[in-house]
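Pasting structure_19.cif here (mmCIF, C-alpha atoms):
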```
data_final
loop_
_atom_site.label_atom_id
_atom_site.label_comp_id
_atom_site.auth_asym_id
_atom_site.auth_seq_id
_atom_site.Cartn_x
_atom_site.Cartn_y
_atom_site.Cartn_z
CA MET A 1 -24.15 0.34 -13.31
CA THR A 2 -21.42 1.12 -10.78
CA ILE A 3 -19.18 4.17 -10.69
CA ALA A 4 -16.05 3.27 -12.68
CA ALA A 5 -17.95 1.81 -15.64
CA LYS A 6 -20.40 4.71 -15.52
CA ALA A 7 -17.56 7.25 -15.63
CA LEU A 8 -15.87 5.37 -18.48
CA ARG A 9 -19.06 5.30 -20.53
CA ALA A 10 -19.50 9.03 -19.94
CA PHE A 11 -15.94 9.69 -21.14
CA LEU A 12 -16.48 7.60 -24.27
CA ARG A 13 -19.70 9.45 -25.07
CA ARG A 14 -17.84 12.75 -24.86
CA SER A 15 -14.67 11.50 -26.56
CA PRO A 16 -15.40 8.65 -28.96
CA ASP A 17 -12.21 9.40 -30.91
CA CYS A 18 -9.53 8.26 -28.48
CA ALA A 19 -6.41 6.15 -28.14
CA LEU A 20 -5.72 3.35 -25.68
CA VAL A 21 -2.38 3.66 -23.88
CA ARG A 22 -1.28 0.49 -22.06
CA ILE A 23 1.77 -0.61 -20.08
CA VAL A 24 2.64 -3.98 -21.60
CA VAL A 25 6.01 -4.49 -19.86
CA ALA A 26 7.13 -3.09 -16.49
CA LEU A 27 10.63 -3.91 -15.28
CA GLY A 28 12.12 -2.77 -11.98
CA SER A 29 10.70 0.24 -10.15
CA THR A 30 7.83 1.74 -12.17
CA PRO A 31 4.90 4.06 -11.33
CA ARG A 32 2.28 1.51 -12.44
CA GLU A 33 2.07 -2.21 -13.08
CA GLU A 34 1.74 -4.18 -16.32
CA GLY A 35 -1.77 -3.89 -17.66
CA ALA A 36 -2.37 -0.34 -16.37
CA TRP A 37 -4.09 1.74 -19.02
CA MET A 38 -5.63 5.07 -19.87
CA LEU A 39 -7.58 6.59 -22.72
CA VAL A 40 -6.44 9.77 -24.43
CA SER A 41 -8.57 11.99 -26.66
CA PRO A 42 -7.48 15.21 -28.39
CA ASP A 43 -8.48 17.26 -25.33
CA ALA A 44 -8.98 14.89 -22.39
CA GLN A 45 -7.85 11.67 -20.73
CA PHE A 46 -9.37 8.91 -18.61
CA GLY A 47 -7.23 7.01 -16.14
CA THR A 48 -3.47 7.10 -15.64
CA ILE A 49 -0.34 5.09 -16.30
CA GLY A 50 1.52 6.77 -13.46
CA GLY A 51 1.92 10.45 -14.20
CA GLY A 52 5.17 12.34 -14.66
CA GLN A 53 7.19 12.55 -17.84
CA LEU A 54 6.29 8.99 -18.80
CA GLU A 55 2.62 9.92 -18.99
CA PHE A 56 3.28 13.25 -20.69
CA MET A 57 5.26 11.48 -23.42
CA ALA A 58 2.57 8.85 -23.89
CA ILE A 59 -0.21 11.45 -24.10
CA ASP A 60 1.77 13.45 -26.67
CA ARG A 61 2.36 10.37 -28.85
CA ALA A 62 -1.28 9.27 -28.49
CA ARG A 63 -2.55 12.66 -29.66
CA HIS A 64 -0.06 12.67 -32.51
CA LEU A 65 -1.37 9.25 -33.54
CA LEU A 66 -4.98 10.46 -33.41
CA ASP A 67 -4.21 13.56 -35.42
CA ALA A 68 -2.07 11.80 -38.02
CA SER A 69 -4.40 8.83 -38.46
CA SER A 70 -7.35 11.12 -39.06
CA HIS A 71 -5.50 12.58 -42.06
CA ALA A 72 -3.82 9.48 -43.48
CA PRO A 73 -5.17 6.38 -41.74
CA ALA A 74 -4.08 3.91 -44.39
CA THR A 75 -0.40 4.82 -44.15
CA LEU A 76 0.09 4.51 -40.39
CA PRO A 77 0.64 1.49 -38.12
CA GLU A 78 -2.29 0.52 -35.93
CA THR A 79 -0.10 0.38 -32.80
CA VAL A 80 2.84 2.47 -31.64
CA ALA A 81 5.29 1.01 -29.10
CA LEU A 82 7.39 3.14 -26.75
CA HIS A 83 10.37 1.70 -24.85
CA ILE A 84 11.10 4.15 -22.05
CA PRO A 85 13.82 4.03 -19.37
CA LEU A 86 12.60 5.79 -16.24
CA GLY A 87 15.81 7.62 -15.51
CA PRO A 88 17.47 11.00 -15.97
CA GLU A 89 16.93 10.83 -19.75
CA ILE A 90 13.29 11.79 -19.21
CA GLY A 91 13.56 13.49 -15.84
CA GLN A 92 12.32 10.58 -13.72
CA CYS A 93 14.25 8.65 -11.10
CA CYS A 94 12.19 5.47 -10.72
CA GLY A 95 15.01 3.45 -12.24
CA GLY A 96 12.85 0.90 -14.04
CA ARG A 97 11.85 0.52 -17.65
CA VAL A 98 8.47 0.26 -19.33
CA GLU A 99 7.09 -0.65 -22.71
CA VAL A 100 3.97 1.25 -23.65
CA SER A 101 1.61 0.43 -26.50
CA ILE A 102 -0.61 3.07 -28.06
CA GLU A 103 -3.46 2.25 -30.41
CA ARG A 104 -6.59 3.89 -31.65
CA ALA A 105 -9.49 2.61 -29.52
CA ASP A 106 -12.09 1.31 -31.94
CA GLY A 107 -15.61 0.30 -30.94
CA GLU A 108 -14.63 -3.25 -30.09
CA THR A 109 -11.78 -2.05 -27.88
CA GLN A 110 -14.06 0.42 -26.11
CA ASP A 111 -16.65 -2.29 -25.43
CA ARG A 112 -13.93 -4.53 -24.03
CA LEU A 113 -12.72 -1.78 -21.69
CA VAL A 114 -16.25 -1.14 -20.42
CA ALA A 115 -16.64 -4.87 -19.76
CA LEU A 116 -13.36 -4.85 -17.81
CA ALA A 117 -14.51 -1.83 -15.81
CA GLU A 118 -17.78 -3.56 -14.99
CA ALA A 119 -15.89 -6.66 -13.84
CA ASP A 120 -13.62 -4.50 -11.67
CA ASP A 121 -16.67 -2.79 -10.20
CA ALA A 122 -18.23 -6.15 -9.36
CA ALA A 123 -15.04 -7.25 -7.60
CA ARG A 124 -14.75 -4.15 -5.42
CA PRO A 125 -14.62 -4.89 -1.69
CA HIS A 126 -17.65 -3.87 0.34
CA VAL A 127 -17.37 -1.39 3.19
CA TYR A 128 -20.38 -1.05 5.49
CA ILE A 129 -20.62 2.23 7.39
CA PHE A 130 -23.15 1.93 10.20
CA GLY A 131 -24.24 5.45 11.09
CA GLY A 132 -24.69 8.63 9.08
CA GLY A 133 -23.62 11.17 11.69
CA HIS A 134 -20.72 13.58 11.32
CA VAL A 135 -18.03 10.90 11.10
CA GLY A 136 -20.23 8.68 8.93
CA GLN A 137 -20.73 11.55 6.50
CA ALA A 138 -16.99 12.26 6.45
CA LEU A 139 -16.19 8.57 5.88
CA ALA A 140 -18.70 8.43 3.04
CA ARG A 141 -16.99 11.37 1.35
CA ALA A 142 -13.57 9.76 1.79
CA PHE A 143 -14.70 6.37 0.49
CA ALA A 144 -16.48 7.96 -2.49
CA LEU A 145 -13.01 8.61 -3.97
CA LEU A 146 -11.81 5.04 -3.53
CA PRO A 147 -12.34 1.82 -5.53
CA LEU A 148 -14.85 0.40 -3.08
CA ARG A 149 -18.53 -0.40 -2.85
CA SER A 150 -19.47 1.71 0.14
CA ILE A 151 -22.81 1.36 1.89
CA VAL A 152 -24.08 3.68 4.64
CA LEU A 153 -26.78 2.14 6.82
CA GLU A 154 -29.04 4.14 9.12
CA THR A 155 -32.19 3.76 11.18
CA ARG A 156 -32.90 7.51 10.77
CA ALA A 157 -33.95 8.75 7.31
CA ASP A 158 -32.67 12.31 7.78
CA ALA A 159 -29.16 11.07 8.61
CA LEU A 160 -28.84 9.79 5.05
CA ASP A 161 -29.37 13.23 3.50
CA GLY A 162 -26.42 14.70 1.62
CA MET A 163 -24.48 11.47 1.07
CA PRO A 164 -22.23 11.38 -2.04
CA ASP A 165 -23.79 9.89 -5.17
CA GLU A 166 -21.04 7.28 -5.30
CA VAL A 167 -22.12 5.82 -1.96
CA GLU A 168 -25.11 3.51 -1.51
CA THR A 169 -27.50 4.31 1.33
CA ARG A 170 -29.91 2.01 3.15
CA LEU A 171 -32.62 2.92 5.61
CA ILE A 172 -32.89 -0.19 7.76
CA ALA A 173 -34.62 -1.02 11.04
CA MET A 174 -32.16 -3.73 12.08
CA PRO A 175 -28.70 -2.86 10.73
CA GLU A 176 -27.14 -6.05 12.08
CA ASP A 177 -29.11 -7.97 9.42
CA ALA A 178 -26.88 -6.42 6.75
CA VAL A 179 -23.83 -8.02 8.35
CA ARG A 180 -25.26 -11.49 7.85
CA GLY A 181 -25.80 -10.93 4.13
CA ALA A 182 -22.48 -9.25 3.39
CA PRO A 183 -19.95 -10.92 1.06
CA PRO A 184 -16.72 -12.42 2.43
CA GLY A 185 -13.86 -9.98 2.90
CA SER A 186 -16.09 -7.03 3.77
CA ALA A 187 -15.17 -4.25 6.18
CA TYR A 188 -17.52 -3.02 8.91
CA VAL A 189 -17.14 0.34 10.62
CA VAL A 190 -19.66 1.04 13.37
CA LEU A 191 -20.49 4.56 14.55
CA THR A 192 -24.21 4.88 15.18
CA HIS A 193 -25.91 7.34 17.52
CA ASP A 194 -26.66 4.54 20.02
CA HIS A 195 -23.98 2.63 21.95
CA ALA A 196 -26.27 -0.33 22.53
CA LEU A 197 -26.89 -0.57 18.78
CA ASP A 198 -23.16 -0.30 18.15
CA PHE A 199 -22.60 -3.27 20.45
CA ILE A 200 -25.19 -5.41 18.68
CA ILE A 201 -23.74 -4.66 15.23
CA VAL A 202 -20.13 -5.23 16.33
CA ALA A 203 -21.05 -8.52 17.98
CA GLU A 204 -22.63 -9.66 14.72
CA ALA A 205 -19.63 -8.51 12.68
CA LEU A 206 -17.20 -10.37 14.96
CA LYS A 207 -19.07 -13.58 14.13
CA ARG A 208 -17.79 -13.15 10.59
CA SER A 209 -14.38 -14.83 10.62
CA ASP A 210 -14.04 -13.70 7.00
CA ALA A 211 -14.34 -9.98 7.86
CA ALA A 212 -11.44 -7.89 6.62
CA TYR A 213 -12.00 -5.25 9.29
CA VAL A 214 -14.33 -4.63 12.22
CA GLY A 215 -14.06 -1.18 13.75
CA MET A 216 -16.04 0.79 16.34
CA ILE A 217 -15.76 4.47 17.07
CA GLY A 218 -15.30 5.43 20.70
CA SER A 219 -13.03 5.70 23.69
CA LYS A 220 -11.07 3.12 25.66
CA THR A 221 -13.90 3.19 28.19
CA LYS A 222 -16.47 2.36 25.52
CA LYS A 223 -14.29 -0.50 24.28
CA ALA A 224 -13.93 -1.86 27.81
CA THR A 225 -17.68 -1.59 28.37
CA PHE A 226 -18.31 -3.44 25.12
CA ARG A 227 -15.84 -6.17 26.10
CA SER A 228 -17.61 -6.73 29.42
CA TRP A 229 -21.01 -6.99 27.72
CA TYR A 230 -19.68 -9.04 24.82
CA LEU A 231 -18.09 -11.71 27.01
CA SER A 232 -20.93 -11.91 29.55
CA GLU A 233 -24.05 -11.40 27.43
CA GLY A 234 -23.04 -11.09 23.78
CA GLY A 235 -21.84 -14.66 23.32
CA GLY A 236 -18.32 -13.57 22.41
CA SER A 237 -14.81 -14.73 23.21
CA ASP A 238 -11.52 -12.98 23.89
CA ALA A 239 -10.17 -14.32 20.59
CA ALA A 240 -13.00 -12.73 18.64
CA PHE A 241 -12.80 -9.53 20.69
CA SER A 242 -9.11 -9.19 19.81
CA ARG A 243 -10.11 -8.57 16.18
CA LEU A 244 -12.02 -5.41 17.06
CA VAL A 245 -10.37 -2.12 16.10
CA SER A 246 -11.41 0.60 18.54
CA PRO A 247 -10.95 3.49 18.47
CA ILE A 248 -10.97 3.59 14.68
CA GLY A 249 -8.08 5.41 13.04
CA GLY A 250 -5.71 4.67 15.91
CA SER A 251 -4.75 6.84 18.86
CA GLY A 252 -1.61 8.46 17.43
CA VAL A 253 -3.42 11.69 16.48
CA ALA A 254 -5.33 13.62 19.13
CA ASP A 255 -7.39 15.65 16.64
CA LYS A 256 -10.97 14.34 16.83
CA ARG A 257 -12.59 16.39 14.08
CA PRO A 258 -14.74 14.13 11.87
CA ALA A 259 -12.70 14.67 8.71
CA ILE A 260 -9.47 13.76 10.51
CA ILE A 261 -10.97 10.61 12.04
CA ALA A 262 -12.35 9.67 8.62
CA ALA A 263 -9.00 10.14 6.89
CA LEU A 264 -7.16 8.01 9.44
CA ALA A 265 -9.86 5.33 9.48
CA ALA A 266 -10.02 5.20 5.68
CA ALA A 267 -6.27 4.54 5.52
CA GLU A 268 -6.60 1.89 8.22
CA ILE A 269 -9.47 0.15 6.40
CA MET A 270 -7.78 0.27 2.99
CA THR A 271 -4.67 -1.32 4.54
CA ALA A 272 -6.79 -4.13 6.00
CA LEU A 273 -8.54 -4.71 2.66
CA ALA A 274 -5.20 -4.76 0.82
CA LYS A 275 -3.90 -7.44 3.17
CA VAL A 276 -6.93 -9.62 2.41
CA LYS A 277 -6.42 -9.10 -1.32
CA MET A 278 -2.75 -10.07 -1.06
CA SER A 279 -3.62 -13.14 1.01
CA ASN A 280 -6.23 -14.26 -1.51
CA SER A 281 -3.88 -13.80 -4.47
CA SER A 282 -0.93 -15.67 -2.91
#
```
Represent the structure contained in this file as C-alpha cells.
Amino acid sequence: MTIAAKALRAFLRRSPDCALVRIVVALGSTPREEGAWMLVSPDAQFGTIGGGQLEFMAIDRARHLLDASSHAPATLPETVALHIPLGPEIGQCCGGRVEVSIERADGETQDRLVALAEADDAARPHVYIFGGGHVGQALARAFALLPLRSIVLETRADALDGMPDEVETRLIAMPEDAVRGAPPGSAYVVLTHDHALDFIIVAEALKRSDAAYVGMIGSKTKKATFRSWYLSEGGGSDAAFSRLVSPIGGSGVADKRPAIIAALAAAEIMTALAKVKMSNSS
C-alpha cells in the first residue's frame, strides 16, 4: 500500500470516531477546490480544506457534531452545511465563498475514502532519481513530502542507506533499463557518481518523448561535453537535446549545498509535472 492510503488507514485506526468535512461548492478565490476534504476526530485531524479561520470553524462544528451525536444521535441531522463568505466577517481576505458539508464518517464512508486515497496513490506521477549521493539523498527527502512516487536507483548498495521510508529504492546494475519501463509522464533526474553513466541514462531518457522532465546535475562544461557525445555517438539530435535541463534547479542561485539544489530542483520538477497534468486534463 502506498503512503497516502497507509497514513489514512493509520489515522482511522487511531480515530475511528470522526467526521468528514468536505468543500462542496467553491466560488471565486478560495484556499482549496471543490471536493477537498479532511477528517476530524475529537483530538486530531487528517488532511486540510485550506487552513485559516475557515478550517478552524469547520473543525469546531465537526467536533460539536461528534460530541452532540454521541449523546443524542437520533435527534440530530446526519449532515451539517456551512455557507461561509471568505471575507472580513471571519478574518480572511480570499474574497470567495464556500459551502462546506460535515457528516459523521461511518464505516462505508471511511472505506470509500481509503479507496479514493488508493486511487490517488496509483495516479501519482513517477520521479526517478538516478544516484544516491548527497544531492540524491536531499532530493529523496524533499520528494518524500510530496504527492509523488519517488524511486532512487543506484549501482552501489551503500548509497541507498538512510533513504526516507516514503521513497522506493532499487539496486540496479543498468539504471538506464528503468527508463524504458517507466510510465508516460515520468520525470528523470540524473546525478550519479559517474559522468559516463549519467550520459547513458540521459540519452535513454531523451528518447522518451512523453517524459515530463529530464534533468542532469552538473556545470555548463558538463552539459557541453554531453551534447558533443550525444550528437556524435549517442544517436541524439539537437531537438531532443533542447529538452534537457542542466544544471538542475537553474542557475539563479549560486549556493551549491545539496539541500539548496534539491529544493530548487524539486520546485522545477513539480512545475514540469503540473504542466503535464494540466495538458492532459485540457
One-decimal distance in Å that lies between atom CA of Ala44 of chain A and atom CA of Met57 of chain A: 14.7 Å
d(atom CA of Leu86 of chain A, atom CA of Thr30 of chain A) in Å: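 Rounded to one decimal, the two atoms are 7.5 Å apart.
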Selected residue, from A:Pro147, A:Tyr128, A:Ala272, A:Phe226, that lies nearest to Arg180 of chain A when counting only C-alpha atoms: A:Tyr128
Mind telling me what the PyMOL selection byres ((chain A and resi 190) around 12) catches here, as a compact mmCIF listing (two decimals) with C-alpha atoms, in the coordinates of the input?
```txt
# COMPACT_ATOMS: atom_id res chain seq x y z
CA VAL A 127 -17.37 -1.39 3.19
CA TYR A 128 -20.38 -1.05 5.49
CA ILE A 129 -20.62 2.23 7.39
CA PHE A 130 -23.15 1.93 10.20
CA GLY A 131 -24.24 5.45 11.09
CA GLY A 132 -24.69 8.63 9.08
CA GLY A 133 -23.62 11.17 11.69
CA VAL A 135 -18.03 10.90 11.10
CA GLY A 136 -20.23 8.68 8.93
CA LEU A 139 -16.19 8.57 5.88
CA ILE A 151 -22.81 1.36 1.89
CA VAL A 152 -24.08 3.68 4.64
CA LEU A 153 -26.78 2.14 6.82
CA GLU A 154 -29.04 4.14 9.12
CA PRO A 175 -28.70 -2.86 10.73
CA GLU A 176 -27.14 -6.05 12.08
CA VAL A 179 -23.83 -8.02 8.35
CA ALA A 187 -15.17 -4.25 6.18
CA TYR A 188 -17.52 -3.02 8.91
CA VAL A 189 -17.14 0.34 10.62
CA LEU A 191 -20.49 4.56 14.55
CA THR A 192 -24.21 4.88 15.18
CA HIS A 193 -25.91 7.34 17.52
CA ASP A 194 -26.66 4.54 20.02
CA HIS A 195 -23.98 2.63 21.95
CA ALA A 196 -26.27 -0.33 22.53
CA LEU A 197 -26.89 -0.57 18.78
CA ASP A 198 -23.16 -0.30 18.15
CA PHE A 199 -22.60 -3.27 20.45
CA ILE A 200 -25.19 -5.41 18.68
CA ILE A 201 -23.74 -4.66 15.23
CA VAL A 202 -20.13 -5.23 16.33
CA ALA A 203 -21.05 -8.52 17.98
CA GLU A 204 -22.63 -9.66 14.72
CA ALA A 205 -19.63 -8.51 12.68
CA LEU A 206 -17.20 -10.37 14.96
CA TYR A 213 -12.00 -5.25 9.29
CA VAL A 214 -14.33 -4.63 12.22
CA GLY A 215 -14.06 -1.18 13.75
CA MET A 216 -16.04 0.79 16.34
CA ILE A 217 -15.76 4.47 17.07
CA GLY A 218 -15.30 5.43 20.70
CA LEU A 244 -12.02 -5.41 17.06
CA VAL A 245 -10.37 -2.12 16.10
CA SER A 246 -11.41 0.60 18.54
CA PRO A 247 -10.95 3.49 18.47
CA ILE A 248 -10.97 3.59 14.68
CA ALA A 265 -9.86 5.33 9.48
```
Result set of the PyMOL selection byres ((chain A and resi 168) around 8) on the coordinates above, as a ChimeraX atom specification: /A:149-152,165-167,169-170
Separation of atom CA of Ala138 of chain A from atom CA of Gly162 of chain A, in Å and rounded to one decimal: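 The value is 10.9 Å.
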Residue among A:Pro42, A:Gly52, A:Gly185, A:Gly234 lying closest to Ala68 of chain A, counting all atoms listed in the file: A:Pro42
Of the listed residues A:Arg112, A:Pro31, A:Lys6, A:Trp229, that which approaches Gly96 of chain A most closely, counting all atoms listed in the file: A:Pro31
Pick from A:Pro164, A:Gly250, A:Pro85, A:Gly47, whichever lies nearest to Lys220 of chain A using all atoms listed in the file: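 Among the listed residues, the smallest separation from Lys220 of chain A belongs to A:Gly250.
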Output check: residues returned by the PyMOL selection byres ((chain A and resi 124) around 12), as a PyMOL selection string: chain A and resi 2-4+117-123+125-127+146-150+183-187+270+273-274+277
Need the axis-aligned box for segment 113-125 of chain A with 4 Å each side, so what are the centre and edges in Å to one decimal, as lines of an AutoDock Vina configuration file?
```
center_x = -15.5
center_y = -4.2
center_z = -11.7
size_x = 13.5
size_y = 14.1
size_z = 28.0
```
Nearest candidate to Leu12 of chain A (options A:Gln110, A:Thr79, A:Ser29, A:Asn280; using all atoms listed in the file):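 For Leu12 of chain A, the nearest of the candidates is A:Gln110.
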Near-segment 38-40 of chain A list (6 Å; all atoms listed in the file; drop same-chain fewer than 2 positions) as a list in words: Cys18, Ala19, Leu20, Val21, Gln45, Phe46, Gly47 and Thr48 of chain A
Shell of 8 Å around Ile84 of chain A, all atoms listed in the file, local chain residues under 5 positions omitted, as a PyMOL selection string: chain A and resi 54+97-100
Proximity to Ile260 of chain A - best of A:Leu171, A:Arg243, A:Ser219, A:Ala142, all atoms listed in the file: A:Ala142
Kindly complete segment 120-147 of chain A to N, CA and C atoms; the output should be written as a short mmCIF file (atom, residue, chain, number, x, y, z; two decimals), in the coordinates of the input.
```
data_model
loop_
_atom_site.label_atom_id
_atom_site.label_comp_id
_atom_site.auth_asym_id
_atom_site.auth_seq_id
_atom_site.Cartn_x
_atom_site.Cartn_y
_atom_site.Cartn_z
N ASP A 120 -14.34 -5.08 -12.81
CA ASP A 120 -13.62 -4.50 -11.67
C ASP A 120 -14.60 -3.95 -10.64
N ASP A 121 -15.65 -3.31 -11.12
CA ASP A 121 -16.67 -2.79 -10.20
C ASP A 121 -17.27 -3.92 -9.36
N ALA A 122 -17.59 -5.03 -10.04
CA ALA A 122 -18.23 -6.15 -9.36
C ALA A 122 -17.32 -6.76 -8.30
N ALA A 123 -16.00 -6.64 -8.51
CA ALA A 123 -15.04 -7.25 -7.60
C ALA A 123 -14.62 -6.30 -6.47
N ARG A 124 -15.15 -5.11 -6.46
CA ARG A 124 -14.75 -4.15 -5.42
C ARG A 124 -15.14 -4.65 -4.03
N PRO A 125 -14.25 -4.49 -3.05
CA PRO A 125 -14.62 -4.89 -1.69
C PRO A 125 -15.73 -4.00 -1.13
N HIS A 126 -16.55 -4.59 -0.28
CA HIS A 126 -17.65 -3.87 0.34
C HIS A 126 -17.21 -3.28 1.68
N VAL A 127 -17.59 -2.03 1.90
CA VAL A 127 -17.37 -1.39 3.19
C VAL A 127 -18.73 -0.92 3.70
N TYR A 128 -19.10 -1.40 4.88
CA TYR A 128 -20.38 -1.05 5.49
C TYR A 128 -20.14 -0.02 6.58
N ILE A 129 -20.73 1.15 6.41
CA ILE A 129 -20.62 2.23 7.39
C ILE A 129 -21.95 2.30 8.14
N PHE A 130 -21.93 1.93 9.39
CA PHE A 130 -23.15 1.93 10.20
C PHE A 130 -23.22 3.25 10.95
N GLY A 131 -24.07 4.14 10.46
CA GLY A 131 -24.24 5.45 11.09
C GLY A 131 -23.93 6.57 10.12
N GLY A 132 -24.86 7.51 10.00
CA GLY A 132 -24.69 8.63 9.08
C GLY A 132 -24.50 9.95 9.77
N GLY A 133 -23.93 9.93 10.98
CA GLY A 133 -23.62 11.17 11.69
C GLY A 133 -22.43 11.89 11.08
N HIS A 134 -21.81 12.77 11.85
CA HIS A 134 -20.72 13.58 11.32
C HIS A 134 -19.56 12.74 10.78
N VAL A 135 -19.14 11.74 11.55
CA VAL A 135 -18.03 10.90 11.10
C VAL A 135 -18.48 9.99 9.96
N GLY A 136 -19.71 9.49 10.02
CA GLY A 136 -20.23 8.68 8.93
C GLY A 136 -20.28 9.45 7.63
N GLN A 137 -20.70 10.70 7.70
CA GLN A 137 -20.73 11.55 6.50
C GLN A 137 -19.31 11.77 5.97
N ALA A 138 -18.37 12.03 6.88
CA ALA A 138 -16.99 12.26 6.45
C ALA A 138 -16.38 11.00 5.85
N LEU A 139 -16.68 9.84 6.44
CA LEU A 139 -16.19 8.57 5.88
C LEU A 139 -16.78 8.32 4.50
N ALA A 140 -18.06 8.62 4.34
CA ALA A 140 -18.70 8.43 3.04
C ALA A 140 -18.01 9.27 1.98
N ARG A 141 -17.68 10.51 2.31
CA ARG A 141 -16.99 11.37 1.35
C ARG A 141 -15.60 10.84 1.02
N ALA A 142 -14.90 10.31 2.03
CA ALA A 142 -13.57 9.76 1.79
C ALA A 142 -13.65 8.51 0.92
N PHE A 143 -14.58 7.63 1.22
CA PHE A 143 -14.70 6.37 0.49
C PHE A 143 -15.23 6.59 -0.93
N ALA A 144 -15.95 7.68 -1.15
CA ALA A 144 -16.48 7.96 -2.49
C ALA A 144 -15.36 8.10 -3.52
N LEU A 145 -14.15 8.43 -3.07
CA LEU A 145 -13.01 8.61 -3.97
C LEU A 145 -12.24 7.32 -4.22
N LEU A 146 -12.60 6.26 -3.52
CA LEU A 146 -11.81 5.04 -3.53
C LEU A 146 -12.52 3.91 -4.28
N PRO A 147 -11.74 2.93 -4.78
CA PRO A 147 -12.34 1.82 -5.53
C PRO A 147 -13.00 0.80 -4.60
#
```
